[in-house]
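Raw contents of protein10.cif, mmCIF, C-alpha atoms:
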data_upload
loop_
_atom_site.label_atom_id
_atom_site.label_comp_id
_atom_site.auth_asym_id
_atom_site.auth_seq_id
_atom_site.Cartn_x
_atom_site.Cartn_y
_atom_site.Cartn_z
CA MET D 1 124.07 93.62 131.47
CA ARG D 2 127.29 94.35 133.36
CA ASN D 3 128.18 97.69 134.76
CA MET D 4 130.74 98.95 132.27
CA ASN D 5 131.81 101.97 134.30
CA ASP D 6 131.48 102.01 138.06
CA THR D 7 131.06 105.77 138.14
CA VAL D 8 127.95 105.56 135.96
CA GLU D 9 124.74 104.94 137.84
CA MET D 10 122.67 102.10 136.45
CA LEU D 11 118.92 102.06 135.96
CA ALA D 12 116.98 98.89 136.72
CA LEU D 13 114.10 98.27 134.36
CA THR D 14 112.22 95.43 132.72
CA VAL D 15 112.24 94.69 129.01
CA ASN D 16 109.67 92.17 127.79
CA GLY D 17 109.28 90.98 131.35
CA GLU D 18 113.02 90.43 131.92
CA ALA D 19 115.06 92.44 134.42
CA MET D 20 117.78 94.61 132.84
CA SER D 21 119.99 97.48 133.86
CA VAL D 22 121.28 100.22 131.60
CA PRO D 23 123.49 103.25 132.27
CA GLN D 24 121.64 106.36 133.38
CA GLY D 25 120.96 108.63 130.44
CA THR D 26 120.25 105.75 128.04
CA THR D 27 117.59 106.64 125.51
CA LEU D 28 115.14 104.25 123.92
CA ALA D 29 117.16 104.54 120.71
CA GLY D 30 120.25 103.59 122.73
CA LEU D 31 118.48 100.58 124.26
CA LEU D 32 117.43 99.28 120.81
CA ALA D 33 120.99 99.77 119.55
CA LEU D 34 122.39 97.90 122.59
CA MET D 35 119.99 95.06 121.81
CA GLU D 36 120.87 95.12 118.11
CA LEU D 37 117.22 95.47 117.11
CA ASP D 38 116.18 96.98 113.79
CA ARG D 39 113.94 99.85 114.85
CA ARG D 40 112.05 99.75 111.55
CA LYS D 41 110.71 96.30 112.43
CA VAL D 42 109.56 96.81 116.02
CA ALA D 43 107.11 98.82 118.08
CA VAL D 44 107.77 99.91 121.65
CA GLU D 45 105.53 100.48 124.62
CA ARG D 46 106.87 102.22 127.72
CA ASN D 47 104.75 101.87 130.85
CA LEU D 48 101.74 100.97 128.68
CA GLU D 49 102.18 104.04 126.44
CA ILE D 50 103.27 103.59 122.84
CA VAL D 51 106.43 105.52 122.00
CA PRO D 52 106.35 106.75 118.38
CA ARG D 53 109.48 105.87 116.43
CA SER D 54 110.25 109.56 115.96
CA LEU D 55 110.65 109.98 119.73
CA TYR D 56 113.13 107.14 120.41
CA GLU D 57 116.10 109.55 120.62
CA ALA D 58 114.27 111.96 122.89
CA THR D 59 112.98 109.28 125.27
CA HIS D 60 115.26 108.89 128.28
CA LEU D 61 114.72 105.72 130.24
CA ALA D 62 113.93 105.90 133.94
CA ALA D 63 114.29 103.44 136.81
CA ARG D 64 111.50 100.84 136.99
CA ASP D 65 110.38 101.51 133.42
CA ALA D 66 108.46 98.58 131.94
CA ILE D 67 109.36 98.32 128.28
CA GLU D 68 107.62 96.08 125.75
CA ILE D 69 109.27 95.55 122.36
CA VAL D 70 107.13 93.70 119.83
CA HIS D 71 107.29 92.69 116.18
CA PHE D 72 105.24 90.77 113.63
CA VAL D 73 105.32 86.98 113.70
CA GLY D 74 103.42 84.30 111.82
CA GLY D 75 99.74 84.20 112.73
CA GLY D 76 96.31 83.35 111.37
CA MET J 1 102.03 83.59 88.53
CA ASP J 2 101.88 80.13 86.99
CA GLY J 3 98.41 78.61 87.10
CA ILE J 4 96.89 81.49 89.05
CA VAL J 5 94.18 83.01 86.89
CA GLN J 6 93.24 86.40 88.34
CA GLY J 7 91.15 87.45 85.36
CA ASP J 8 91.18 86.76 81.64
CA ALA J 9 89.03 87.25 78.54
CA VAL J 10 86.34 84.92 79.92
CA THR J 11 86.33 85.88 83.58
CA GLY J 12 87.09 89.59 83.23
CA ASP J 13 88.37 91.74 86.09
CA ASP J 14 86.85 90.33 89.24
CA SER J 15 88.67 92.21 91.94
CA TRP J 16 87.15 93.10 95.31
CA VAL J 17 87.56 96.13 97.53
CA VAL J 18 87.88 96.40 101.29
CA ALA J 19 88.31 99.78 103.00
CA GLY J 20 89.19 101.35 99.66
CA ARG J 21 91.95 98.82 98.92
CA LYS J 22 91.54 96.71 95.79
CA PHE J 23 92.60 93.06 95.60
CA SER J 24 92.57 90.59 92.70
CA SER J 25 93.07 87.47 94.79
CA ARG J 26 90.09 86.36 96.83
CA LEU J 27 92.27 84.18 99.02
CA VAL J 28 93.71 85.72 102.19
CA VAL J 29 96.26 83.54 103.98
CA GLY J 30 97.58 83.30 107.49
CA THR J 31 101.31 83.08 108.19
CA GLY J 32 101.15 80.94 111.34
CA LYS J 33 101.90 77.27 112.07
CA TYR J 34 104.43 76.72 109.25
CA LYS J 35 107.46 74.58 110.06
CA ASP J 36 109.81 77.38 108.98
CA LEU J 37 109.85 80.77 107.32
CA GLU J 38 111.13 79.40 103.99
CA THR J 39 108.01 77.23 103.68
CA THR J 40 105.84 80.15 104.77
CA ALA J 41 107.23 82.29 101.96
CA ALA J 42 106.96 79.54 99.33
CA ALA J 43 103.37 78.62 100.22
CA ILE J 44 102.20 82.23 100.29
CA GLU J 45 103.78 82.80 96.90
CA ALA J 46 101.98 79.69 95.56
CA SER J 47 98.66 80.83 97.05
CA GLY J 48 98.64 84.02 94.98
CA ALA J 49 97.37 85.87 98.05
CA GLU J 50 97.90 89.61 98.27
CA MET J 51 96.83 90.01 101.90
CA VAL J 52 98.32 88.01 104.80
CA THR J 53 97.45 87.92 108.47
CA VAL J 54 100.21 88.35 111.04
CA ALA J 55 100.40 88.30 114.84
CA VAL J 56 102.10 90.76 117.20
CA ARG J 57 104.45 89.28 119.80
CA ARG J 58 107.37 90.20 122.04
CA VAL J 59 110.77 90.22 120.36
CA ASN J 60 112.75 87.20 121.55
CA LEU J 61 115.50 88.73 123.69
CA SER J 62 117.43 85.50 124.11
CA ASP J 63 117.81 85.04 120.34
CA ARG J 64 117.90 88.51 118.84
CA ASN J 65 119.30 87.29 115.54
CA ALA J 66 116.40 84.90 114.94
CA PRO J 67 114.99 85.39 111.43
CA MET J 68 112.01 87.73 111.20
CA LEU J 69 108.81 87.18 109.25
CA GLN J 70 109.28 90.49 107.44
CA ASP J 71 112.54 89.22 105.93
CA TYR J 72 110.63 86.38 104.23
CA VAL J 73 107.18 87.84 103.62
CA SER J 74 107.75 91.45 102.62
CA PRO J 75 105.23 94.03 103.84
CA ALA J 76 106.12 95.95 100.68
CA ARG J 77 104.68 93.13 98.57
CA TYR J 78 101.85 91.81 100.75
CA THR J 79 99.25 93.77 102.68
CA TYR J 80 99.86 92.84 106.30
CA LEU J 81 96.70 92.35 108.30
CA PRO J 82 97.74 92.34 111.97
CA ASN J 83 95.49 90.22 114.17
CA THR J 84 94.63 90.07 117.85
CA ALA J 85 95.14 86.33 118.27
CA GLY J 86 95.69 85.46 121.90
CA CYS J 87 93.56 88.36 123.14
CA PHE J 88 90.66 87.41 125.37
CA THR J 89 89.48 90.90 126.33
CA ALA J 90 88.67 94.08 124.40
CA ASP J 91 91.44 95.97 126.23
CA GLU J 92 94.10 93.44 125.18
CA ALA J 93 92.90 93.58 121.58
CA VAL J 94 93.04 97.38 121.44
CA ARG J 95 96.50 97.47 123.07
CA THR J 96 97.84 94.86 120.63
CA LEU J 97 96.56 96.64 117.52
CA ARG J 98 97.86 100.01 118.65
CA LEU J 99 101.31 98.40 118.80
CA ALA J 100 100.73 96.81 115.38
CA ARG J 101 99.83 100.20 113.94
CA GLU J 102 103.07 101.65 115.31
CA ALA J 103 105.12 98.72 113.98
CA GLY J 104 103.53 98.76 110.56
CA GLY J 105 102.11 102.20 110.14
CA TRP J 106 98.70 101.19 108.81
CA ASN J 107 95.15 101.06 110.10
CA LEU J 108 93.68 97.95 108.46
CA VAL J 109 93.47 95.21 111.10
CA LYS J 110 91.83 91.91 111.90
CA LEU J 111 90.00 91.91 115.22
CA GLU J 112 89.40 88.61 116.97
CA VAL J 113 88.40 88.24 120.59
CA LEU J 114 88.01 84.59 121.46
CA GLY J 115 86.24 82.57 124.09
CA PRO J 116 87.94 79.72 125.93
CA PRO J 117 89.22 76.41 124.51
CA PRO J 118 88.33 73.95 123.17
CA LEU J 119 86.26 75.94 120.63
CA LEU J 120 87.92 79.39 120.75
CA TYR J 121 84.52 80.56 119.56
CA PRO J 122 84.28 84.35 119.05
CA ASP J 123 83.29 86.22 122.22
CA MET J 124 80.80 88.55 120.56
CA GLU J 125 80.20 90.80 123.57
CA ALA J 126 83.93 91.53 123.86
CA THR J 127 84.29 91.70 120.06
CA LEU J 128 81.61 94.40 119.79
CA LEU J 129 83.26 96.42 122.59
CA ALA J 130 86.71 96.13 121.01
CA ALA J 131 85.40 97.01 117.54
CA LYS J 132 83.80 100.16 118.90
CA ALA J 133 87.01 101.23 120.67
CA LEU J 134 89.18 100.48 117.62
CA ILE J 135 86.95 102.33 115.17
CA LYS J 136 86.92 105.34 117.52
CA ASP J 137 90.72 105.16 117.50
CA GLY J 138 90.84 105.35 113.69
CA PHE J 139 91.29 101.67 112.82
CA GLU J 140 89.69 99.98 109.81
CA VAL J 141 88.42 96.78 111.34
CA MET J 142 87.94 93.45 109.58
CA VAL J 143 86.23 91.41 112.25
CA TYR J 144 86.27 87.70 113.02
CA CYS J 145 82.86 86.81 114.36
CA ALA J 146 80.24 84.17 115.03
CA ASP J 147 78.08 82.97 112.12
CA ASP J 148 75.37 85.23 113.48
CA PRO J 149 73.55 87.55 111.03
CA VAL J 150 72.29 89.83 113.83
CA ALA J 151 75.77 90.39 115.28
CA ALA J 152 77.19 90.79 111.75
CA LYS J 153 74.74 93.60 111.00
CA LYS J 154 75.61 95.33 114.30
CA LEU J 155 79.31 95.16 113.41
CA GLU J 156 78.66 96.63 109.98
CA ASP J 157 76.47 99.39 111.43
CA MET J 158 79.20 100.43 113.86
CA GLY J 159 81.64 100.76 110.95
CA CYS J 160 83.55 97.49 110.52
CA VAL J 161 84.95 97.24 106.97
CA ALA J 162 84.60 93.45 106.56
CA ILE J 163 82.67 90.71 108.35
CA MET J 164 84.54 87.44 108.83
CA PRO J 165 82.34 84.69 110.26
CA LEU J 166 83.86 81.37 111.15
CA GLY J 167 83.07 78.40 108.91
CA ALA J 168 84.02 76.09 111.79
CA PRO J 169 86.32 76.40 114.84
CA ILE J 170 89.85 77.71 114.12
CA GLY J 171 92.13 74.96 112.83
CA SER J 172 89.35 72.34 112.90
CA GLY J 173 89.35 71.70 109.15
CA LEU J 174 85.62 70.93 109.26
CA GLY J 175 84.60 73.29 106.46
CA VAL J 176 81.50 75.50 106.50
CA GLN J 177 79.22 73.97 109.14
CA ASN J 178 76.33 76.37 108.80
CA PRO J 179 75.96 77.48 105.17
CA LEU J 180 72.50 78.93 105.78
CA MET J 181 73.86 81.44 108.31
CA ILE J 182 76.85 82.32 106.13
CA GLN J 183 74.41 83.05 103.30
CA SER J 184 72.19 85.02 105.66
CA ILE J 185 75.16 87.19 106.67
CA ILE J 186 76.02 87.78 102.99
CA GLU J 187 72.44 88.92 102.43
CA ALA J 188 72.35 91.04 105.60
CA VAL J 189 75.46 93.19 105.08
CA LYS J 190 76.92 95.28 102.26
CA VAL J 191 80.60 95.19 103.30
CA PRO J 192 82.74 92.22 102.15
CA VAL J 193 82.10 88.88 103.88
CA LEU J 194 84.99 86.43 104.29
CA VAL J 195 84.75 82.94 105.72
CA ASP J 196 87.57 82.87 108.25
CA ALA J 197 88.50 79.68 110.06
CA GLY J 198 87.48 76.08 109.50
CA VAL J 199 88.64 75.47 105.94
CA GLY J 200 90.23 72.02 105.73
CA THR J 201 90.93 71.63 102.03
CA ALA J 202 90.35 73.20 98.61
CA TRP J 203 86.74 72.01 98.44
CA ASP J 204 85.80 73.87 101.62
CA ALA J 205 87.15 77.10 100.15
CA ALA J 206 85.27 76.49 96.89
CA PHE J 207 82.07 75.84 98.83
CA ALA J 208 82.43 79.06 100.83
CA MET J 209 82.92 81.02 97.62
CA GLU J 210 79.93 79.31 95.96
CA LEU J 211 77.80 80.60 98.83
CA GLY J 212 78.73 84.10 97.68
CA CYS J 213 81.55 85.11 100.04
CA ASP J 214 83.81 87.87 98.78
CA ALA J 215 86.94 86.03 99.91
CA VAL J 216 88.18 83.24 102.16
CA LEU J 217 90.86 83.33 104.86
CA VAL J 218 92.93 80.14 105.20
CA ASN J 219 95.86 79.26 107.42
CA SER J 220 95.97 75.78 109.00
CA ALA J 221 94.69 73.95 105.91
CA ILE J 222 97.74 75.15 103.99
CA ALA J 223 100.37 75.41 106.72
CA LEU J 224 99.75 71.95 108.17
CA ALA J 225 99.18 70.05 104.89
CA ASP J 226 101.81 67.43 104.06
CA ASP J 227 102.88 69.69 101.19
CA PRO J 228 101.91 73.28 102.04
CA VAL J 229 103.01 74.68 98.67
CA LEU J 230 100.81 72.23 96.72
CA MET J 231 97.89 72.83 99.07
CA ALA J 232 98.31 76.59 98.69
CA ARG J 233 97.89 76.17 94.95
CA ALA J 234 94.94 73.81 95.45
CA VAL J 235 93.12 76.19 97.79
CA SER J 236 93.78 79.04 95.37
CA HIS J 237 92.14 77.06 92.59
CA GLY J 238 89.29 76.13 94.94
CA VAL J 239 88.64 79.80 95.68
CA GLN J 240 88.70 80.66 91.98
CA ALA J 241 86.46 77.73 91.01
CA GLY J 242 83.96 78.59 93.73
CA ARG J 243 83.92 82.24 92.77
CA LEU J 244 83.41 81.49 89.06
CA ALA J 245 80.63 79.02 89.88
CA PHE J 246 78.92 81.61 92.06
CA ARG J 247 79.12 84.20 89.29
CA ALA J 248 77.99 81.70 86.67
CA GLY J 249 74.87 80.81 88.67
CA ARG J 250 74.25 77.20 89.52
CA ILE J 251 71.21 75.23 88.37
CA PRO J 252 68.42 74.65 90.88
CA ARG J 253 68.38 71.40 92.82
CA LYS J 254 65.55 69.07 91.69
CA GLY J 255 64.30 65.78 93.01
CA TYR J 256 63.92 64.19 89.57
CA ALA J 257 65.89 63.60 86.37
CA SER J 258 65.94 65.85 83.31
CA ALA J 259 67.54 64.09 80.35
CA SER J 260 70.60 65.78 78.90
CA SER J 261 70.07 64.34 75.40
CA PRO J 262 67.05 65.11 73.13
CA MET J 263 64.14 62.74 73.60
CA THR J 264 63.05 63.42 69.97
CA GLY J 265 64.54 62.05 66.72
CA LEU J 266 65.19 58.65 68.24
CA ILE J 267 65.73 55.76 65.77
CA ARG J 268 62.88 53.29 65.61
#
Write-out of the structure in structure tokens:
Amino acid sequence: MRNMNDTVEMLALTVNGEAMSVPQGTTLAGLLALMELDRRKVAVERNLEIVPRSLYEATHLAARDAIEIVHFVGGG
Amino acid sequence: MDGIVQGDAVTGDDSWVVAGRKFSSRLVVGTGKYKDLETTAAAIEASGAEMVTVAVRRVNLSDRNAPMLQDYVSPARYTYLPNTAGCFTADEAVRTLRLAREAGGWNLVKLEVLGPPPLLYPDMEATLLAAKALIKDGFEVMVYCADDPVAAKKLEDMGCVAIMPLGAPIGSGLGVQNPLMIQSIIEAVKVPVLVDAGVGTAWDAAFAMELGCDAVLVNSAIALADDPVLMARAVSHGVQAGRLAFRAGRIPRKGYASASSPMTGLIR
């Protein structure tokens, strides 16, 4: 993701194992919106802790956060 | 549902209950291995199943608009049974199902902790550990396991809500390889017993049900058939035929003939 505003500090984190950077102050809700993901269909783990859906707005991302975003796929 | 007889004047209501949830269909289907989501949806509809297994995986970040299973197989219509496929340790299984619970909001799950290829045989030591941790964490655990009556009883005693022994290795299509042990498990435990894994065609499902299983779980046999929708219907009929035959009570096997027509009143 490109730095949209040079005065905003960016946070480096990993999402599903991929390096990303987001503006400081981004919440988990903001990250999901940036990624155009339907929050009703995913679950999120931040640094191995599950973040309940009700806390997405209140969860501010930090540098070096490891985020996992999962959903249901076909399986037996 | 055309051709799917869930109960009528002859058969009566023959539903089964797992963890307080009632189901008419005794066929549970997997949603994996289909060529596309349209076929998945059509085959599941044809199977008459009410419960479907699903896996938990990372969202694909490079293709965020890829179609999602939930858009084709609605969790509002089908009971999703999240699995732990791909987990080889108890910790991985617990972590995966905690995420599934957050994604779906329910506690009913399918635990499977597998040993290495080529058999992917259940790792019972890890399965018992994971089951204990999950039950402590409030999950209702349907457990994939070895066809081992001793392990099955241990799993029931610790609180698992269904015992799901393999009929044969996952995806092998070999059918029930050890009917004596499947029957022994059915006799040993009170919770529902489902043959999970190994079904290759409708007959295998019928056979499992004739042994007295409460239900059968099928994925590859349907998903990888030349015509998955037709096979879904076939397996559904197999499950129903096997169940009815079990309820009806088969005749004993004998090593000699017994004439079907009267031996009296013959013309001379």
Near D:Ala43, counting all atoms listed in the file, which residues have an atom at most 6 Å away, once you skip same-chain residues fewer than 3 positions from it, shown as number ranges by chain? D: 69-70; J: 99, 102-103
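Ranking D:Ile67, D:Leu37, D:Met20, D:Ala62 by their shortest atom-to-atom distance to chain J, with all atoms listed in the file included, puts D:Leu37 first.
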Give the residues of chain D that lie within 9 Å of chain J; count only C-alpha atoms, and format the answer as a list in words. Val15, Asn16, Glu18, Met35, Glu36, Leu37, Arg39, Arg40, Lys41, Val42, Ala43, Val44, Glu45, Leu48, Ile50, Val51, Pro52, Arg53, Glu68, Ile69, Val70, His71, Phe72, Val73, Gly74, Gly75 and Gly76 of chain D
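For the set J:Leu166, J:Tyr144, J:Leu180, J:Gly212, the residue with the smallest atom-to-atom gap to J:Val199 is J:Leu166, counting all atoms listed in the file.
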Do a neighbour search on J:Pro149 at 7 Å with all atoms listed in the file, toss out local chain neighbours closer than 3 positions, and write the hits as a list in words. Ala152, Lys153, Met181, Ser184, Ile185 and Ala188 of chain J
Could you work out how far atom CA of D:Tyr56 lies from atom CA of D:Gly17, giving the answer in Å with one decimal?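 The value is 19.9 Å.
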Find the distance between atom CA of J:Arg233 and atom CA of J:Ala146 and write it in Å to one decimal.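 Value for the atom CA of J:Arg233-atom CA of J:Ala146 distance: 27.9 Å.
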Picked residues, the PyMOL selection byres ((chain J and resi 236-238) around 10), expected as number ranges by chain: J: 3-5, 25-28, 46-49, 201-210, 216, 218, 230-235, 239-244
Expanded to explicit residues, what is the PyMOL selection byres ((chain J and resi 11-19) around 8) for this file, as JSON, numbers by chain? {"J": [6, 7, 8, 9, 10, 20, 21, 22, 23, 24, 25, 26, 108, 140, 161, 162, 191, 192, 214, 244]}
So the first atom is atom CA of J:Pro165 and the second is atom CA of J:Ala151; what is the distance between them in Å, to one decimal place?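 For atom CA of J:Pro165 relative to atom CA of J:Ala151, the distance reads 10.0 Å.
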Quick one: residues within 10 Å of D:Ala19, only C-alpha atoms, excluding same-chain residues fewer than 4 positions away - as an mmCIF file with C-alpha atoms, keeping the file's coordinate frame?
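In the end it all went to around_23.cif:
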data_model
loop_
_atom_site.group_PDB
_atom_site.id
_atom_site.type_symbol
_atom_site.label_atom_id
_atom_site.label_comp_id
_atom_site.auth_asym_id
_atom_site.auth_seq_id
_atom_site.Cartn_x
_atom_site.Cartn_y
_atom_site.Cartn_z
ATOM 1 C CA MET D 1 124.070 93.620 131.470
ATOM 2 C CA ALA D 12 116.980 98.890 136.720
ATOM 3 C CA LEU D 13 114.100 98.270 134.360
ATOM 4 C CA THR D 14 112.220 95.430 132.720
ATOM 5 C CA VAL D 15 112.240 94.690 129.010
ATOM 6 C CA ARG D 64 111.500 100.840 136.990
ATOM 7 C CA ALA D 66 108.460 98.580 131.940
#
Check what the PyMOL selection byres ((chain D and resi 57) around 9) selects in the file above and give those residues as a ChimeraX atom specification. /D:27-30,53-56,58-60
Using all atoms of stretch 29-46 of chain D that appear in the file, construct an axis-aligned enclosing box with 8 Å of padding on every side and provide its centre coordinates and edge lengths in Å, rounded to one decimal, as AutoDock Vina command-line options.
--center_x 114.0 --center_y 99.8 --center_z 119.6 --size_x 32.9 --size_y 25.5 --size_z 32.2
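Ranking J:Pro252, J:Gly138, J:Gly200, J:Pro262 by their shortest atom-to-atom distance to J:Leu224, with all atoms listed in the file included, puts J:Gly200 first.
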